[in-house]
Each structure stands twice: as structure tokens, then as C-alpha cells.
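Here is the structure we will look at, set down as C-alpha cells.
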Amino acid sequence: MRYLNRMNFRKLINSSKRYPPGELLYKVLEKLHAPYRDYPTVCGRYLPTDEELQKQRQEQFAYMPLISVIVPAYETDELFLRQMMDSVIAQTYENWELCIADASKSEKVAQVIRGDYKEEKRIKYRRLAENRGIPENTNQGLEMAGGAYIALLDHDDVLVPSALYEMVKRINETGADFLYSDEDKASANLGEYLDPHFKLDFNRELLLGKNYICHLLVVSAELVKKAGGLDARYNGAQDFEFALRCSRYAKGIEHISKVLYHWRMHAASTAGNTDSKLYAYEAGRRAAEDFIHQEGWEGTVTMANDLGTYHIRYQVPAKLQVALAAWGRPSRVWEKKVYPQICKEMEALGAEFFWLEGSPFGKEQSNASRDKMAVLEAEILLLVNRGAKTVGKDSIRFLLGSLCRPGIAAVGGRTIQKKRVLQCGYWEKDEKYVPRFQGLFYKFKGYYHRAYLPTETDAVSNDLAVVKTEALEKAFGKTWTENRKCWESGGLRRWQEACGKVKALGSRVIAEPAAEIWI
């Protein structure tokens with residue numbers, strides 16, 4: 001524990017160089033209130049029992065694919081190397097091969113493998129002529145692989161004994177060709193497990209802002225062949241770029257919500273010292289930016305202060321037709337401050353901007369027929385609660401930029417009241433919509449930055465949102481009465497159901513924390 005405290009102190013010193021004092025204070029406070037602080041003492045609850053492991057060893061699947069575990073090695077510490085290999089040998093699913101591509105200058109890795117492990121026929125070993133970096137070394141390991149599926153493992157990490165079993169079980173259930181699991185971190189001596197990452201099901205929007213998939217990643221050999229191997233241009237973030245690229249071609253993506261991987265923390269590892277490989281985060285930024293451009297989306301990606309997280313600012317097309325659907329009781333603050341701010345931002349974006357059903361101040365307007373037709377004429381509806389005290393700077397830009405991509409139906413911001421988050425999107429659970437991050441202090445970034453990064457979600461609030469009118473028309477038809485229920489006062493449930501309908505029709509709904517409304 002003393003070692004981990006020294007490591008945390010080093011992290012604090014490094015963070016003080018990147019964060020203003022106030023932001024650093026909030027980061028430390030959030031860390032002190034982080035969930036799963038008791039994980040080191042209760043981690044056994046999340047790991048299989050001996051009885052479960054024994055049962056797994058006896059199970060036979062209809063499909064028993066060979067899993068090729070690929071490990072690029074370089075001057076690996078002998079103890080770490082042995083523990084890594086032992087964790088593979090201990091797998092309850094036994095149809096595997098371990099392909100080690102060794103780029104070491106010394107004989108330390110070769111001596112261990114050719115010594116105590118020489119009788120293990122499932123271990124394949126190749127000595128590389130030179131060290132060409134993790135991506136190319138891994139590709140050398142891929143050339144050795146004969147399995148139907150590929151698992152990526154770092155040379156100093158370890159697998160939970162049930163890791164490959166759980167992967168093959170899910171493959172048999174779903175036929176997925178892209179699978180990933182939850183993970184935790186381990187002290188250098190494997191004496192303590194901490195900081196678990198219980199991940200979301202596949203969420204490309206979140207993945208673009210942070211490589212939350214990470215370990216354990218298993219993909220089919222066919223998918224690797226289609227997507228290509230690891231790309232050396234993204235050295236340091238090759239796994240991030242590889243996951244993004246594979247997700248584009250995958251036929252089925254599955255998240256196994258069990259801890260199957262222990263990511264070892266030591267001074268030279270990214271897990272233990274995020275500043276140990278600063279070049280990797282720039283490579284990650286380029287990977288995210290190249291991906292969005294390959295998708296045909298115009299935008300720029302910048303690194304956030306939290307290393308490994310990225311801000312994406314999508315370009316807003318010129319001359320958009322945007323109709324304001326303001327709802328709720330207007331206030332003087334709305335009339336004097338909020339509405340002019342929205343108009344100013346729309347003017348800066350070059351959008352054609354008009355409102356629906358009366359003036360934005362709640363007064364009737366003579367040209368009511370035009371207002372009622374506006375919902376059918378505008379490309380986009382902007383929903384705003386007239387009880388707002390302020391709308392964050394550039395919020396409309398963030399919403400519209402994200403919305404104006406193919407496949408996106410609606411984008412909503414987060415609602416804040418008295419420095420606490422009321423919602424930043426909703427999850428549907430038991431036929432109810434549960435607000436995400438309700439009660440979170442507005443300066444906190446959430447578990448693994450989920451309150452800080454855009455995320456695909458089940459619904460967003462009508463306090464501040466944009467929606468494509470064509471998406472509403474698909475859900476309700478060109479019906480003024482039905483559409484207006486989505487934004488009139490008290491229409492939150494109707495709006496949430498609308499989000500659900502457009503999602504069911506194949507579109508996506510995005511929560512964008514960078515867009516804020518204070519009420």
C-alpha cells in the first residue's frame with residue numbers, strides 16, 4: 001500500500017503541472033469520493049470461486065474455437081513474464097495458444113520460455129530481429145496465430161482464470177466477432193486489486209472521447225484480416241485506434257460485464273503513471289480525429305487536461321433551418337438574457353432561426369398558421385426551457401455540430417440546478433427513464449469521465465436539446481398535435497418516448513455534457 005501511495009503522490013505532482021489549482025482541487029475531491037473505494041477488500045465478490053472454476057473446466061461448448069493470445073514482449077521482468085504466462089496456462093478454457101513476439105535485446109525472455117516452459121506446446125515463441133515498437137511487434141505475433149479468435153494481452157498483465165471461458169461462452173451465445181470485458185488494476189506484486197472499471201455496453205460516442213474498451217479485447221481472426229493489424233502510425237495508442245477500426249467492421253459487439261483482466265500498476269506502466277507515455281495521448285488524439293474524418297464527419301479533436309480523454313468539436317453546416325420550440329413559463333431573465341444569447345449564437349452560426357407557436361416570450365403571434373407549419377419546414381428543432389437562468393457558452397454549437405451527422409436523431413445537454421446535475425441524458429430501466437448523474441456536483445466528471453464526455457443514451461431532456469424534424473416525422477408523422485407534446489410544458493415523458501421511438505427506428509440519441517442549461 002505504501003508503494004501505491006507513492007505512486008498516487010507522483011500522479012498528484014504531475015497533475016499539478018496540467019491543472020489550474022481550482023480544477024486540481026475538484027479532481028482530488030472527486031477522487032476521494034470515487035465509487036468502489038472498498039474494492040481492494042471486496043474484490044473477491046467480482047472474481048470466480050474455485051467451485052465455479054472447476055465447473056468451467058468440465059464444460060464443453062458446441063463451438064470450441066482456438067484462441068490465439070498475442071503478447072509482444074520486450075525485456076520483460078522475469079516475475080511479470082512468469083505470472084503472465086501462468087495466468088494463461090491456468091485458463092479454465094484450454095483450447096488456446098500463447099504467441100509471444102520477443103523484441104528484447106537480451107536473452108532474459110528467451111531463457112524463461114525455453115527453460116521452465118519448454119514442455120508447454122501451446123506456447124509459440126518468436127525472437128524478432130529488431131524492436132519495431134508495440135504495433136509492429138504485435139503484428140509479428142499475429143502472423144504466428146492460427147486461432148479463429150485473437151486475444152490481446154500485455155506482457156506484464158495477467159488474465160483472470162475464467163477470461164477465455166467467458167469469451168467463448170458469449171461467442172457461442174451470440175456469434176459476436178468483437179468482445180471486451182471489465183477490468184481492474186493490480187499492484188506490482190499482485191498483492192492488491194483496485195480501481196475496477198465496470199464498463200458500458202458498446203458506445204461509440206463514448207469510445208471516441210476515451211478508450212474505455214481497453215482490456216480484455218478479443219476479436220475474430222476474420223475481423224482482424226478485414227480491418228487490418230495494428231497501425232504503427234498510432235504507436236502508444238495502437239489499441240485505441242485498433243478498437244475504433246474493428247468496431248467499424250464488426251458484425252456483433254459484446255460487452256462481458258465481468259472483471260477478466262488485471263492491469264498491472266508499476267512506475268513505467270500507463271496504469272501506474274499516466275505521464276510515462278505522453279506521446280501515446282497525442283497518438284490517441286490523431287486516432288480519434290482520423291476516425292471521424294474517415295466517417296465523413298467534419299471536426300477537430302483536442303486533448304483534454306485529463307490525459308487519455310478528448311474533446312471533439314464537430315463543424316456546424318452553414319444555413320441550417322432551426323426552429324425554436326421554447327416551452328414553460330417565461331421569465332425576465334429569459335427575455336433579457338437567455339433568448340438574446342441564443343439568437344446571437346444562431347446568428348454567429350449563420351442559421352435561419354425562427355420560433356414556433358407564439359413569440360419566445362409567451363405572447364401570441366398573429367401568423368399562427370406559419371408557426372404551425374414551421375415544425376414541418378425546419379430541418380431542426382431547438383427545444384429550450386424558458387425557465388432557464390443561463391445557457392452555457394457555445395452550447396448550441398456543440399448540440400448542432402453533434403446532431404448534423406448521419407444516424408443522429410437528437411442531442412441533449414445537461415441540466416444544472418444549484419451546482420448539482422439534474423440530468424445528463426436518461427437510461428431506460430423497467431419502463432422508466434432514469435436520469436444520469438442526478439445529484440453529481442457540476443464540477444465532477446463522473447465515473448471514468450462519463451459525466452464529462454458525450455455518450456449515446458436512451459433519451460435526453462427537453463430542457464435543452466436539438467432534434468431532426470425528419471426523425472420526429474418518422475416517429476409520429478407530420479402531425480402538429482403529436483409533435484408539440486414533445487416540448488410543451490410537462491411533456492418530458494412524451495419527449496423521452498419520442499427519443500425511444502427514433503432509437504427503435506435505428507437512429508442514435510446523444511447526451512452532450514458540454515452543452516449546459518442552468519435552471
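Ordered as shown in the C-alpha cells, chains take letters A, B, and onward, while each chain numbers its residues from 1 and ligands are numbered from 1 in the order shown.
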
| Selection: 8 Å around Leu152 (chain A), only C-alpha atoms, excl. self and same-chain fewer than 5 positions, as JSON, numbers by chain | {"A": [69, 70, 71, 215, 216, 217, 218]}

All heavy atoms of the current selection, written as a PDB file, in the first residue's frame:
ATOM      1  N   VAL A  69      -3.666 -16.016 -28.063  1.00  0.00           N
ATOM      2  CA  VAL A  69      -3.357 -14.907 -27.155  1.00  0.00           C
ATOM      3  C   VAL A  69      -2.033 -14.295 -27.618  1.00  0.00           C
ATOM      4  O   VAL A  69      -0.995 -14.971 -27.606  1.00  0.00           O
ATOM      5  CB  VAL A  69      -3.258 -15.389 -25.703  1.00  0.00           C
ATOM      6  CG1 VAL A  69      -2.966 -14.211 -24.775  1.00  0.00           C
ATOM      7  CG2 VAL A  69      -4.539 -16.106 -25.285  1.00  0.00           C
ATOM      8  N   ILE A  70      -2.072 -13.037 -28.028  1.00  0.00           N
ATOM      9  CA  ILE A  70      -0.905 -12.378 -28.617  1.00  0.00           C
ATOM     10  C   ILE A  70      -0.237 -11.478 -27.581  1.00  0.00           C
ATOM     11  O   ILE A  70      -0.882 -10.596 -26.999  1.00  0.00           O
ATOM     12  CB  ILE A  70      -1.309 -11.531 -29.845  1.00  0.00           C
ATOM     13  CG1 ILE A  70      -2.180 -12.343 -30.810  1.00  0.00           C
ATOM     14  CG2 ILE A  70      -0.068 -10.996 -30.548  1.00  0.00           C
ATOM     15  CD1 ILE A  70      -1.530 -13.600 -31.344  1.00  0.00           C
ATOM     16  N   VAL A  71       1.061 -11.690 -27.369  1.00  0.00           N
ATOM     17  CA  VAL A  71       1.819 -10.907 -26.395  1.00  0.00           C
ATOM     18  C   VAL A  71       3.101 -10.386 -27.033  1.00  0.00           C
ATOM     19  O   VAL A  71       3.984 -11.174 -27.387  1.00  0.00           O
ATOM     20  CB  VAL A  71       2.176 -11.742 -25.155  1.00  0.00           C
ATOM     21  CG1 VAL A  71       3.043 -10.927 -24.190  1.00  0.00           C
ATOM     22  CG2 VAL A  71       0.927 -12.231 -24.447  1.00  0.00           C
ATOM     23  N   HIS A 215      -8.931  -3.366 -22.018  1.00  0.00           N
ATOM     24  CA  HIS A 215      -8.705  -4.790 -21.794  1.00  0.00           C
ATOM     25  C   HIS A 215      -9.962  -5.446 -21.213  1.00  0.00           C
ATOM     26  O   HIS A 215     -10.681  -4.797 -20.494  1.00  0.00           O
ATOM     27  CB  HIS A 215      -7.586  -5.006 -20.779  1.00  0.00           C
ATOM     28  CG  HIS A 215      -6.369  -4.181 -21.001  1.00  0.00           C
ATOM     29  ND1 HIS A 215      -5.997  -3.167 -20.134  1.00  0.00           N
ATOM     30  CD2 HIS A 215      -5.426  -4.193 -21.978  1.00  0.00           C
ATOM     31  CE1 HIS A 215      -4.878  -2.612 -20.560  1.00  0.00           C
ATOM     32  NE2 HIS A 215      -4.512  -3.208 -21.684  1.00  0.00           N
ATOM     33  N   LEU A 216     -10.204  -6.652 -21.447  1.00  0.00           N
ATOM     34  CA  LEU A 216      -9.604  -7.608 -22.359  1.00  0.00           C
ATOM     35  C   LEU A 216     -10.335  -7.485 -23.688  1.00  0.00           C
ATOM     36  O   LEU A 216     -11.559  -7.504 -23.702  1.00  0.00           O
ATOM     37  CB  LEU A 216      -9.724  -9.023 -21.789  1.00  0.00           C
ATOM     38  CG  LEU A 216      -9.338 -10.172 -22.696  1.00  0.00           C
ATOM     39  CD1 LEU A 216      -7.876 -10.218 -22.999  1.00  0.00           C
ATOM     40  CD2 LEU A 216      -9.807 -11.487 -22.102  1.00  0.00           C
ATOM     41  N   LEU A 217      -9.626  -7.410 -24.785  1.00  0.00           N
ATOM     42  CA  LEU A 217     -10.228  -7.321 -26.105  1.00  0.00           C
ATOM     43  C   LEU A 217      -9.977  -8.619 -26.859  1.00  0.00           C
ATOM     44  O   LEU A 217      -8.838  -9.080 -26.955  1.00  0.00           O
ATOM     45  CB  LEU A 217      -9.641  -6.141 -26.870  1.00  0.00           C
ATOM     46  CG  LEU A 217     -10.109  -5.977 -28.326  1.00  0.00           C
ATOM     47  CD1 LEU A 217     -11.614  -5.738 -28.395  1.00  0.00           C
ATOM     48  CD2 LEU A 217      -9.364  -4.840 -29.015  1.00  0.00           C
ATOM     49  N   VAL A 218     -11.050  -9.202 -27.381  1.00  0.00           N
ATOM     50  CA  VAL A 218     -10.971 -10.418 -28.196  1.00  0.00           C
ATOM     51  C   VAL A 218     -11.738 -10.162 -29.488  1.00  0.00           C
ATOM     52  O   VAL A 218     -12.894  -9.731 -29.448  1.00  0.00           O
ATOM     53  CB  VAL A 218     -11.571 -11.628 -27.449  1.00  0.00           C
ATOM     54  CG1 VAL A 218     -11.648 -12.844 -28.372  1.00  0.00           C
ATOM     55  CG2 VAL A 218     -10.746 -11.965 -26.212  1.00  0.00           C
TER      56      VAL A 218
END

| message | To test your reading of the structure, identify every residue in region 233-316 of chain A that backbone DSSP assigns to helix (DSSP H, G or I), and report it as a PyMOL selection string. | response | chain A and resi 233-234+238-249+274-294

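Compared by their closest atoms to Asp38 (chain A), and using only C-alpha atoms, the residues A:Gly439, A:Pro196, A:Gly401, A:Gly506 rank with A:Pro196 nearest.
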
| said: Give me the residues near region 138-143 of chain A as a PyMOL selection string, where near means some atom within 7 Å (using only C-alpha atoms) and where sequence neighbours in that chain fewer than 4 positions away do not count. | reply: chain A and resi 70-72+99-101+134+229-230

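Here the question is which of A:Cys424, A:Leu260, A:Ala514, A:Cys343 gets nearest to Gly392 (chain A) using only C-alpha atoms, and that residue is A:Ala514.
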
| field | region 165-171 of chain A surroundings by only C-alpha atoms, 12 Å radius, close-in-sequence under 5 positions cut, as a PyMOL selection string | value | chain A and resi 48+52-67+88+90-96+148-151+159-160+176-182+216-220+252-261

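Separating CA of Asp156 (chain A) from CA of Leu81 (chain A) is a distance of 6.2 Å.
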
| said: So that I can check the surroundings of Val411 (chain A), please list as a PyMOL selection string every protein, DNA and RNA residue that reaches within 6 Å of it, counting only C-alpha atoms and ignoring chain neighbours fewer than 2 positions away. | reply: chain A and resi 399+403+465-466+509-511

| Among region 192-292 of chain A, which ones does DSSP place in strand (DSSP E), written as a ChimeraX atom specification? | /A:193-197,217-220,253-264
